[in-house]
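K.L.:
Contents of start-v9.pdb (PDB, C-alpha atoms) are below:
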ATOM      1  CA  GLY A   1     -34.475  35.466  -0.905  1.00  0.00           C
ATOM      2  CA  LEU A   2     -33.123  38.976  -1.004  1.00  0.00           C
ATOM      3  CA  GLU A   3     -29.725  38.108  -2.492  1.00  0.00           C
ATOM      4  CA  TYR A   4     -30.876  39.216  -5.942  1.00  0.00           C
ATOM      5  CA  LEU A   5     -31.049  42.834  -4.751  1.00  0.00           C
ATOM      6  CA  THR A   6     -27.245  42.962  -4.441  1.00  0.00           C
ATOM      7  CA  GLN A   7     -26.971  42.485  -8.219  1.00  0.00           C
ATOM      8  CA  ILE A   8     -29.201  45.376  -9.322  1.00  0.00           C
ATOM      9  CA  ASP A   9     -29.224  49.136  -8.831  1.00  0.00           C
ATOM     10  CA  GLN A  10     -32.901  49.809  -9.446  1.00  0.00           C
ATOM     11  CA  ILE A  11     -36.287  48.209  -8.824  1.00  0.00           C
ATOM     12  CA  LEU A  12     -39.670  49.216 -10.196  1.00  0.00           C
ATOM     13  CA  VAL A  13     -42.741  48.871  -8.010  1.00  0.00           C
ATOM     14  CA  HIS A  14     -46.079  48.820  -9.849  1.00  0.00           C
ATOM     15  CA  GLN A  15     -49.370  48.929  -7.974  1.00  0.00           C
ATOM     16  CA  GLN A  16     -51.975  46.622  -9.426  1.00  0.00           C
ATOM     17  CA  VAL A  17     -55.181  48.564  -9.953  1.00  0.00           C
ATOM     18  CA  GLU A  18     -58.279  46.730  -8.818  1.00  0.00           C
ATOM     19  CA  LEU A  19     -61.308  47.211 -11.088  1.00  0.00           C
ATOM     20  CA  LEU A  20     -63.688  47.530  -8.110  1.00  0.00           C
ATOM     21  CA  GLU A  21     -61.577  50.316  -6.622  1.00  0.00           C
ATOM     22  CA  ALA A  22     -61.093  52.133  -9.936  1.00  0.00           C
ATOM     23  CA  VAL A  23     -64.818  52.116 -10.758  1.00  0.00           C
ATOM     24  CA  THR A  24     -66.400  52.628  -7.334  1.00  0.00           C
ATOM     25  CA  GLY A  25     -63.678  54.171  -5.152  1.00  0.00           C
ATOM     26  CA  TRP A  26     -64.151  51.292  -2.689  1.00  0.00           C
ATOM     27  CA  GLU A  27     -60.727  50.750  -1.089  1.00  0.00           C
ATOM     28  CA  THR A  28     -59.296  47.264  -1.612  1.00  0.00           C
ATOM     29  CA  GLU A  29     -56.109  45.691  -0.273  1.00  0.00           C
ATOM     30  CA  ASN A  30     -53.174  46.995  -2.289  1.00  0.00           C
ATOM     31  CA  LYS A  31     -51.023  44.624  -4.324  1.00  0.00           C
ATOM     32  CA  TYR A  32     -47.727  45.426  -6.016  1.00  0.00           C
ATOM     33  CA  ARG A  33     -45.493  43.794  -8.610  1.00  0.00           C
ATOM     34  CA  ILE A  34     -41.824  44.454  -7.963  1.00  0.00           C
ATOM     35  CA  ARG A  35     -39.749  44.204 -11.137  1.00  0.00           C
ATOM     36  CA  ASN A  36     -36.223  44.645 -12.395  1.00  0.00           C
ATOM     37  CA  THR A  37     -35.415  47.113 -15.188  1.00  0.00           C
ATOM     38  CA  LEU A  38     -36.097  44.394 -17.783  1.00  0.00           C
ATOM     39  CA  GLY A  39     -39.693  44.164 -16.557  1.00  0.00           C
ATOM     40  CA  GLN A  40     -39.217  40.736 -14.958  1.00  0.00           C
ATOM     41  CA  ASP A  41     -41.124  40.056 -11.749  1.00  0.00           C
ATOM     42  CA  ILE A  42     -38.728  39.614  -8.831  1.00  0.00           C
ATOM     43  CA  TYR A  43     -41.081  40.051  -5.852  1.00  0.00           C
ATOM     44  CA  PHE A  44     -44.772  40.504  -5.125  1.00  0.00           C
ATOM     45  CA  ALA A  45     -46.187  42.562  -2.239  1.00  0.00           C
ATOM     46  CA  ALA A  46     -49.668  42.198  -0.788  1.00  0.00           C
ATOM     47  CA  GLU A  47     -51.386  44.257   1.888  1.00  0.00           C
ATOM     48  CA  ARG A  48     -53.509  42.701   4.610  1.00  0.00           C
ATOM     49  CA  SER A  49     -55.944  45.075   6.291  1.00  0.00           C
ATOM     50  CA  ASN A  50     -59.497  45.257   7.590  1.00  0.00           C
ATOM     51  CA  CYS A  51     -62.191  46.240   5.073  1.00  0.00           C
ATOM     52  CA  CYS A  52     -63.897  48.762   7.362  1.00  0.00           C
ATOM     53  CA  VAL A  53     -60.591  50.328   8.395  1.00  0.00           C
ATOM     54  CA  ARG A  54     -59.635  50.768   4.709  1.00  0.00           C
ATOM     55  CA  GLN A  55     -62.859  52.676   4.008  1.00  0.00           C
ATOM     56  CA  TYR A  56     -62.793  54.922   7.080  1.00  0.00           C
ATOM     57  CA  CYS A  57     -59.067  55.518   7.648  1.00  0.00           C
ATOM     58  CA  GLY A  58     -57.918  55.598   4.031  1.00  0.00           C
ATOM     59  CA  PRO A  59     -54.163  56.081   3.604  1.00  0.00           C
ATOM     60  CA  SER A  60     -53.626  56.380   7.384  1.00  0.00           C
ATOM     61  CA  ARG A  61     -54.922  52.846   7.960  1.00  0.00           C
ATOM     62  CA  PRO A  62     -52.958  50.171   9.773  1.00  0.00           C
ATOM     63  CA  PHE A  63     -51.798  47.244   7.660  1.00  0.00           C
ATOM     64  CA  ALA A  64     -49.453  44.315   7.347  1.00  0.00           C
ATOM     65  CA  MET A  65     -47.655  43.694   4.073  1.00  0.00           C
ATOM     66  CA  SER A  66     -45.971  40.523   2.895  1.00  0.00           C
ATOM     67  CA  ILE A  67     -43.293  40.679   0.232  1.00  0.00           C
ATOM     68  CA  VAL A  68     -42.706  37.284  -1.370  1.00  0.00           C
ATOM     69  CA  ASP A  69     -40.153  36.068  -3.917  1.00  0.00           C
ATOM     70  CA  ASN A  70     -40.979  34.113  -7.066  1.00  0.00           C
ATOM     71  CA  SER A  71     -40.988  30.887  -5.014  1.00  0.00           C
ATOM     72  CA  GLN A  72     -43.775  32.397  -2.848  1.00  0.00           C
ATOM     73  CA  ARG A  73     -41.462  32.585   0.208  1.00  0.00           C
ATOM     74  CA  GLU A  74     -42.079  35.640   2.366  1.00  0.00           C
ATOM     75  CA  VAL A  75     -38.774  37.539   2.428  1.00  0.00           C
ATOM     76  CA  ILE A  76     -39.913  40.809   4.046  1.00  0.00           C
ATOM     77  CA  HIS A  77     -42.815  41.548   6.364  1.00  0.00           C
ATOM     78  CA  LEU A  78     -44.003  45.094   7.138  1.00  0.00           C
ATOM     79  CA  GLU A  79     -46.271  46.141  10.018  1.00  0.00           C
ATOM     80  CA  ARG A  80     -47.778  49.620  10.222  1.00  0.00           C
ATOM     81  CA  PRO A  81     -50.087  50.624  13.083  1.00  0.00           C
ATOM     82  CA  LEU A  82     -52.867  53.195  12.764  1.00  0.00           C
ATOM     83  CA  ARG A  83     -51.274  56.630  12.773  1.00  0.00           C
ATOM     84  CA  CYS A  84     -52.020  60.198  11.724  1.00  0.00           C
ATOM     85  CA  SER A  85     -51.166  61.177   8.144  1.00  0.00           C
ATOM     86  CA  SER A  86     -50.228  64.778   8.991  1.00  0.00           C
ATOM     87  CA  SER A  87     -46.541  65.473   9.618  1.00  0.00           C
ATOM     88  CA  LEU A  88     -47.614  68.027  12.242  1.00  0.00           C
ATOM     89  CA  CYS A  89     -49.126  65.397  14.579  1.00  0.00           C
ATOM     90  CA  PHE A  90     -45.894  64.848  16.480  1.00  0.00           C
ATOM     91  CA  CYS A  91     -47.443  62.369  18.899  1.00  0.00           C
ATOM     92  CA  CYS A  92     -48.562  59.799  16.323  1.00  0.00           C
ATOM     93  CA  LEU A  93     -46.474  60.050  13.159  1.00  0.00           C
ATOM     94  CA  GLN A  94     -46.180  57.181  10.668  1.00  0.00           C
ATOM     95  CA  HIS A  95     -44.099  54.200  11.818  1.00  0.00           C
ATOM     96  CA  ILE A  96     -43.383  50.941   9.994  1.00  0.00           C
ATOM     97  CA  GLU A  97     -41.631  47.905  11.442  1.00  0.00           C
ATOM     98  CA  VAL A  98     -39.550  45.939   8.900  1.00  0.00           C
ATOM     99  CA  GLN A  99     -38.924  42.217   9.451  1.00  0.00           C
ATOM    100  CA  SER A 100     -36.679  39.899   7.443  1.00  0.00           C
ATOM    101  CA  PRO A 101     -37.034  37.032   7.712  1.00  0.00           C
ATOM    102  CA  PRO A 102     -40.568  37.456   9.070  1.00  0.00           C
ATOM    103  CA  GLY A 103     -40.429  37.572  12.858  1.00  0.00           C
ATOM    104  CA  THR A 104     -36.943  39.151  12.951  1.00  0.00           C
ATOM    105  CA  VAL A 105     -37.006  42.950  13.183  1.00  0.00           C
ATOM    106  CA  ILE A 106     -34.272  44.472  11.015  1.00  0.00           C
ATOM    107  CA  GLY A 107     -35.393  48.070  11.181  1.00  0.00           C
ATOM    108  CA  TYR A 108     -38.001  50.777  11.136  1.00  0.00           C
ATOM    109  CA  ILE A 109     -39.195  53.642   8.986  1.00  0.00           C
ATOM    110  CA  ASP A 110     -40.259  56.651  11.070  1.00  0.00           C
ATOM    111  CA  GLN A 111     -41.845  59.886   9.904  1.00  0.00           C
ATOM    112  CA  LYS A 112     -40.359  63.059  11.378  1.00  0.00           C
ATOM    113  CA  VAL A 113     -42.110  66.299  12.369  1.00  0.00           C
ATOM    114  CA  SER A 114     -41.887  68.757   9.486  1.00  0.00           C
ATOM    115  CA  LEU A 115     -43.622  71.951   8.442  1.00  0.00           C
ATOM    116  CA  VAL A 116     -42.803  71.859   4.716  1.00  0.00           C
ATOM    117  CA  TYR A 117     -41.236  68.635   3.421  1.00  0.00           C
ATOM    118  CA  PRO A 118     -42.163  65.141   4.631  1.00  0.00           C
ATOM    119  CA  TRP A 119     -39.096  63.547   6.259  1.00  0.00           C
ATOM    120  CA  PHE A 120     -38.546  59.891   7.147  1.00  0.00           C
ATOM    121  CA  SER A 121     -35.716  58.107   8.930  1.00  0.00           C
ATOM    122  CA  ILE A 122     -34.685  54.600   7.911  1.00  0.00           C
ATOM    123  CA  LYS A 123     -33.437  52.955  11.111  1.00  0.00           C
ATOM    124  CA  ASP A 124     -31.703  49.688  11.896  1.00  0.00           C
ATOM    125  CA  ALA A 125     -32.950  47.208  14.512  1.00  0.00           C
ATOM    126  CA  ASP A 126     -31.239  49.240  17.269  1.00  0.00           C
ATOM    127  CA  GLY A 127     -33.105  52.393  16.235  1.00  0.00           C
ATOM    128  CA  GLU A 128     -30.022  54.093  14.766  1.00  0.00           C
ATOM    129  CA  THR A 129     -30.698  56.204  11.658  1.00  0.00           C
ATOM    130  CA  GLN A 130     -28.993  54.732   8.574  1.00  0.00           C
ATOM    131  CA  LEU A 131     -30.664  56.835   5.852  1.00  0.00           C
ATOM    132  CA  LYS A 132     -33.096  59.714   5.563  1.00  0.00           C
ATOM    133  CA  ILE A 133     -35.807  60.359   2.995  1.00  0.00           C
ATOM    134  CA  LYS A 134     -36.929  63.861   2.054  1.00  0.00           C
ATOM    135  CA  GLY A 135     -40.249  64.047   0.253  1.00  0.00           C
ATOM    136  CA  PRO A 136     -41.600  66.718  -2.075  1.00  0.00           C
ATOM    137  CA  CYS A 137     -43.104  69.956  -0.807  1.00  0.00           C
ATOM    138  CA  CYS A 138     -46.436  69.010  -2.306  1.00  0.00           C
ATOM    139  CA  ALA A 139     -47.400  65.615  -3.647  1.00  0.00           C
ATOM    140  CA  CYS A 140     -49.894  65.591  -6.477  1.00  0.00           C
ATOM    141  CA  LYS A 141     -51.848  62.346  -6.827  1.00  0.00           C
ATOM    142  CA  TRP A 142     -51.544  62.422 -10.629  1.00  0.00           C
ATOM    143  CA  CYS A 143     -48.035  63.883 -10.955  1.00  0.00           C
ATOM    144  CA  GLU A 144     -44.654  62.196 -10.773  1.00  0.00           C
ATOM    145  CA  VAL A 145     -42.957  63.150  -7.505  1.00  0.00           C
ATOM    146  CA  GLU A 146     -39.466  62.414  -6.216  1.00  0.00           C
ATOM    147  CA  PHE A 147     -38.283  61.532  -2.750  1.00  0.00           C
ATOM    148  CA  GLU A 148     -34.557  62.028  -2.100  1.00  0.00           C
ATOM    149  CA  VAL A 149     -32.764  59.213  -0.270  1.00  0.00           C
ATOM    150  CA  LEU A 150     -30.019  60.817   1.809  1.00  0.00           C
ATOM    151  CA  SER A 151     -27.104  59.728   3.974  1.00  0.00           C
ATOM    152  CA  ALA A 152     -27.750  59.402   7.726  1.00  0.00           C
ATOM    153  CA  ASP A 153     -26.601  62.989   8.327  1.00  0.00           C
ATOM    154  CA  GLY A 154     -28.793  64.234   5.456  1.00  0.00           C
ATOM    155  CA  THR A 155     -25.942  65.865   3.524  1.00  0.00           C
ATOM    156  CA  GLN A 156     -25.476  63.518   0.557  1.00  0.00           C
ATOM    157  CA  GLN A 157     -28.062  62.101  -1.860  1.00  0.00           C
ATOM    158  CA  VAL A 158     -27.513  58.358  -2.276  1.00  0.00           C
ATOM    159  CA  GLY A 159     -30.663  57.479  -4.213  1.00  0.00           C
ATOM    160  CA  LYS A 160     -34.173  58.496  -5.094  1.00  0.00           C
ATOM    161  CA  ILE A 161     -37.695  57.179  -5.060  1.00  0.00           C
ATOM    162  CA  THR A 162     -39.966  58.291  -7.885  1.00  0.00           C
ATOM    163  CA  LYS A 163     -43.719  57.930  -7.489  1.00  0.00           C
TER     164      LYS A 163
END
Take the structure in this file and express it as structure tokens.
P.N.:
Amino acid sequence: GLEYLTQIDQILVHQQVELLEAVTGWETENKYRIRNTLGQDIYFAAERSNCCVRQYCGPSRPFAMSIVDNSQREVIHLERPLRCSSSLCFCCLQHIEVQSPPGTVIGYIDQKVSLVYPWFSIKDADGETQLKIKGPCCACKWCEVEFEVLSADGTQQVGKITK
């Protein structure tokens, strides 16, 4: 299960590059290895999405993602509907439902309207903001970028996400 996460202060998420996608640009379902700082696999995440939707909607596509432990038990399930990728489209911003165990909603990740920085709220099952994430002003596909993880009121940095 998820108990292991209480013992560590960092995880590394590595996307597995598919040869077909790298050579042709044809979008495939994303897969990720989730490792501890020693490089040991602790979880595996796999996207489920429609082939046509992946090609036409790109990063805005709807998907489901299963995160499984080393015993192949699904410990987290994510559901993201089709939404706009622009933070200016206030009517249809990104939204992810988080379930753990699968079928039990424990929270949500919601994108906020923003003119400069991408902002996200991490919410509990009741919709109350527990953390905020502030993204970079501009995200380069080939550059390392940092997202600040902030307290619920946005005043204190409590972590970071590096991509």
K.L.:
Go through the shown structure with the PyMOL selection byres ((chain A and resi 64-69) around 8) and write out the matching residues as JSON, numbers by chain.
P.N.:
{"A": [1, 42, 43, 44, 45, 46, 47, 48, 49, 62, 63, 70, 71, 72, 73, 74, 75, 76, 77, 78, 79, 80]}
K.L.:
Atoms to include: C-alpha atoms. Write the selected residues as a compact mmCIF listing (two decimals), in the coordinates of the input.
P.N.:
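What ended up in result00.txt:
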# COMPACT_ATOMS: atom_id res chain seq x y z
CA GLY A 1 -34.48 35.47 -0.90
CA ILE A 42 -38.73 39.61 -8.83
CA TYR A 43 -41.08 40.05 -5.85
CA PHE A 44 -44.77 40.50 -5.12
CA ALA A 45 -46.19 42.56 -2.24
CA ALA A 46 -49.67 42.20 -0.79
CA GLU A 47 -51.39 44.26 1.89
CA ARG A 48 -53.51 42.70 4.61
CA SER A 49 -55.94 45.08 6.29
CA PRO A 62 -52.96 50.17 9.77
CA PHE A 63 -51.80 47.24 7.66
CA ASN A 70 -40.98 34.11 -7.07
CA SER A 71 -40.99 30.89 -5.01
CA GLN A 72 -43.78 32.40 -2.85
CA ARG A 73 -41.46 32.58 0.21
CA GLU A 74 -42.08 35.64 2.37
CA VAL A 75 -38.77 37.54 2.43
CA ILE A 76 -39.91 40.81 4.05
CA HIS A 77 -42.82 41.55 6.36
CA LEU A 78 -44.00 45.09 7.14
CA GLU A 79 -46.27 46.14 10.02
CA ARG A 80 -47.78 49.62 10.22
K.L.:
With the file shown as input, list the residues that the PyMOL selection byres ((chain A and resi 6-20) around 12) selects, as JSON, numbers by chain.
P.N.:
{"A": [1, 2, 3, 4, 5, 21, 22, 23, 24, 25, 26, 27, 28, 29, 30, 31, 32, 33, 34, 35, 36, 37, 38, 39, 40, 41, 42, 43, 44, 45, 46, 47, 67, 158, 159, 160, 161, 162, 163]}
K.L.:
Interatomic distance between atom CA of A:Val116 and atom CA of A:Cys57?
P.N.:
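Atom CA of A:Cys57 lies at a distance of 23.2 Å from atom CA of A:Val116.
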K.L.:
Within 9 Å of (-37.3, 53.0, 8.6) (coordinates as in the file), grab all the protein and nucleic acid residues, counting all atoms listed in the file, and write them out as a list in words.
P.N.:
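Output of the proximity query reads His95, Ile96, Glu97, Val98, Gly107, Tyr108, Ile109, Asp110, Gln111, Phe120, Ser121, Ile122, Lys123, Asp124, Gly127, Thr129, Gln130, Leu131 and Lys132 of chain A.
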K.L.:
For atom CA of A:Arg83 and atom CA of A:Ser60, quote the distance in Å rounded to one decimal.
P.N.:
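Atom CA of A:Ser60 lies at a distance of 5.9 Å from atom CA of A:Arg83.
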K.L.:
Quote the spacing between atom CA of A:Ala125 and atom CA of A:Ile106 in Å to one decimal place.
P.N.:
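One can read the atom CA of A:Ala125 to atom CA of A:Ile106 distance as 4.6 Å.
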K.L.:
Using only C-alpha atoms, which of A:Val113, A:Val145, A:Ala152, A:Leu82 sits nearest A:Val53?
P.N.:
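Of the candidates, the smallest distance to A:Val53 is held by A:Leu82.
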K.L.:
Output stretch 61-72 of chain A with all heavy atoms present, as an mmCIF file, in the coordinates of the input.
P.N.:
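Output (selection-v6.cif):
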data_model
loop_
_atom_site.group_PDB
_atom_site.id
_atom_site.type_symbol
_atom_site.label_atom_id
_atom_site.label_comp_id
_atom_site.auth_asym_id
_atom_site.auth_seq_id
_atom_site.Cartn_x
_atom_site.Cartn_y
_atom_site.Cartn_z
ATOM 1 N N ARG A 61 -54.510 54.113 7.370
ATOM 2 C CA ARG A 61 -54.922 52.846 7.960
ATOM 3 C C ARG A 61 -53.731 51.993 8.414
ATOM 4 O O ARG A 61 -52.649 52.049 7.847
ATOM 5 C CB ARG A 61 -55.750 52.050 6.979
ATOM 6 C CG ARG A 61 -54.948 51.567 5.762
ATOM 7 C CD ARG A 61 -55.865 50.826 4.794
ATOM 8 N NE ARG A 61 -55.236 50.495 3.548
ATOM 9 C CZ ARG A 61 -55.386 51.171 2.425
ATOM 10 N NH1 ARG A 61 -56.121 52.258 2.397
ATOM 11 N NH2 ARG A 61 -54.809 50.765 1.318
ATOM 12 N N PRO A 62 -53.977 51.156 9.405
ATOM 13 C CA PRO A 62 -52.958 50.171 9.773
ATOM 14 C C PRO A 62 -52.981 49.030 8.760
ATOM 15 O O PRO A 62 -54.016 48.760 8.146
ATOM 16 C CB PRO A 62 -53.426 49.688 11.148
ATOM 17 C CG PRO A 62 -54.909 49.855 11.114
ATOM 18 C CD PRO A 62 -55.165 51.068 10.253
ATOM 19 N N PHE A 63 -51.835 48.395 8.562
ATOM 20 C CA PHE A 63 -51.798 47.244 7.660
ATOM 21 C C PHE A 63 -50.569 46.393 7.943
ATOM 22 O O PHE A 63 -49.630 46.827 8.606
ATOM 23 C CB PHE A 63 -51.818 47.674 6.184
ATOM 24 C CG PHE A 63 -50.603 48.431 5.732
ATOM 25 C CD1 PHE A 63 -49.422 47.778 5.391
ATOM 26 C CD2 PHE A 63 -50.635 49.804 5.630
ATOM 27 C CE1 PHE A 63 -48.310 48.472 4.969
ATOM 28 C CE2 PHE A 63 -49.521 50.513 5.214
ATOM 29 C CZ PHE A 63 -48.354 49.849 4.884
ATOM 30 N N ALA A 64 -50.625 45.191 7.416
ATOM 31 C CA ALA A 64 -49.453 44.315 7.347
ATOM 32 C C ALA A 64 -49.213 44.086 5.869
ATOM 33 O O ALA A 64 -50.165 44.068 5.072
ATOM 34 C CB ALA A 64 -49.726 42.991 8.056
ATOM 35 N N MET A 65 -47.964 43.959 5.471
ATOM 36 C CA MET A 65 -47.655 43.694 4.073
ATOM 37 C C MET A 65 -46.616 42.594 3.996
ATOM 38 O O MET A 65 -45.603 42.632 4.693
ATOM 39 C CB MET A 65 -47.143 44.946 3.369
ATOM 40 C CG MET A 65 -46.922 44.726 1.882
ATOM 41 S SD MET A 65 -46.668 46.249 0.968
ATOM 42 C CE MET A 65 -48.275 46.989 1.055
ATOM 43 N N SER A 66 -46.900 41.620 3.145
ATOM 44 C CA SER A 66 -45.971 40.523 2.895
ATOM 45 C C SER A 66 -45.326 40.730 1.541
ATOM 46 O O SER A 66 -46.026 40.990 0.555
ATOM 47 C CB SER A 66 -46.704 39.180 2.900
ATOM 48 O OG SER A 66 -47.242 38.930 4.165
ATOM 49 N N ILE A 67 -44.018 40.619 1.499
ATOM 50 C CA ILE A 67 -43.293 40.679 0.232
ATOM 51 C C ILE A 67 -42.703 39.292 0.017
ATOM 52 O O ILE A 67 -41.945 38.795 0.854
ATOM 53 C CB ILE A 67 -42.200 41.758 0.254
ATOM 54 C CG1 ILE A 67 -42.848 43.130 0.527
ATOM 55 C CG2 ILE A 67 -41.424 41.763 -1.070
ATOM 56 C CD1 ILE A 67 -41.880 44.264 0.712
ATOM 57 N N VAL A 68 -43.116 38.660 -1.090
ATOM 58 C CA VAL A 68 -42.706 37.284 -1.370
ATOM 59 C C VAL A 68 -41.859 37.245 -2.638
ATOM 60 O O VAL A 68 -42.009 38.082 -3.534
ATOM 61 C CB VAL A 68 -43.919 36.330 -1.503
ATOM 62 C CG1 VAL A 68 -44.732 36.294 -0.220
ATOM 63 C CG2 VAL A 68 -44.806 36.711 -2.678
ATOM 64 N N ASP A 69 -40.963 36.250 -2.709
ATOM 65 C CA ASP A 69 -40.153 36.068 -3.917
ATOM 66 C C ASP A 69 -40.923 35.211 -4.920
ATOM 67 O O ASP A 69 -42.077 34.844 -4.685
ATOM 68 C CB ASP A 69 -38.774 35.498 -3.581
ATOM 69 C CG ASP A 69 -38.824 34.109 -2.955
ATOM 70 O OD1 ASP A 69 -39.873 33.430 -3.029
ATOM 71 O OD2 ASP A 69 -37.797 33.689 -2.400
ATOM 72 N N ASN A 70 -40.290 34.889 -6.018
ATOM 73 C CA ASN A 70 -40.979 34.113 -7.066
ATOM 74 C C ASN A 70 -41.274 32.679 -6.652
ATOM 75 O O ASN A 70 -42.038 31.987 -7.326
ATOM 76 C CB ASN A 70 -40.171 34.147 -8.366
ATOM 77 C CG ASN A 70 -40.266 35.502 -9.040
ATOM 78 O OD1 ASN A 70 -41.283 36.174 -8.947
ATOM 79 N ND2 ASN A 70 -39.205 35.916 -9.709
ATOM 80 N N SER A 71 -40.676 32.216 -5.547
ATOM 81 C CA SER A 71 -40.988 30.887 -5.014
ATOM 82 C C SER A 71 -42.086 30.957 -3.956
ATOM 83 O O SER A 71 -42.337 29.985 -3.257
ATOM 84 C CB SER A 71 -39.730 30.255 -4.399
ATOM 85 O OG SER A 71 -38.729 30.135 -5.367
ATOM 86 N N GLN A 72 -42.705 32.151 -3.820
ATOM 87 C CA GLN A 72 -43.775 32.397 -2.848
ATOM 88 C C GLN A 72 -43.299 32.338 -1.397
ATOM 89 O O GLN A 72 -44.102 32.134 -0.492
ATOM 90 C CB GLN A 72 -44.967 31.446 -3.069
ATOM 91 C CG GLN A 72 -45.616 31.619 -4.428
ATOM 92 C CD GLN A 72 -46.094 33.051 -4.665
ATOM 93 O OE1 GLN A 72 -46.836 33.600 -3.871
ATOM 94 N NE2 GLN A 72 -45.631 33.659 -5.750
#
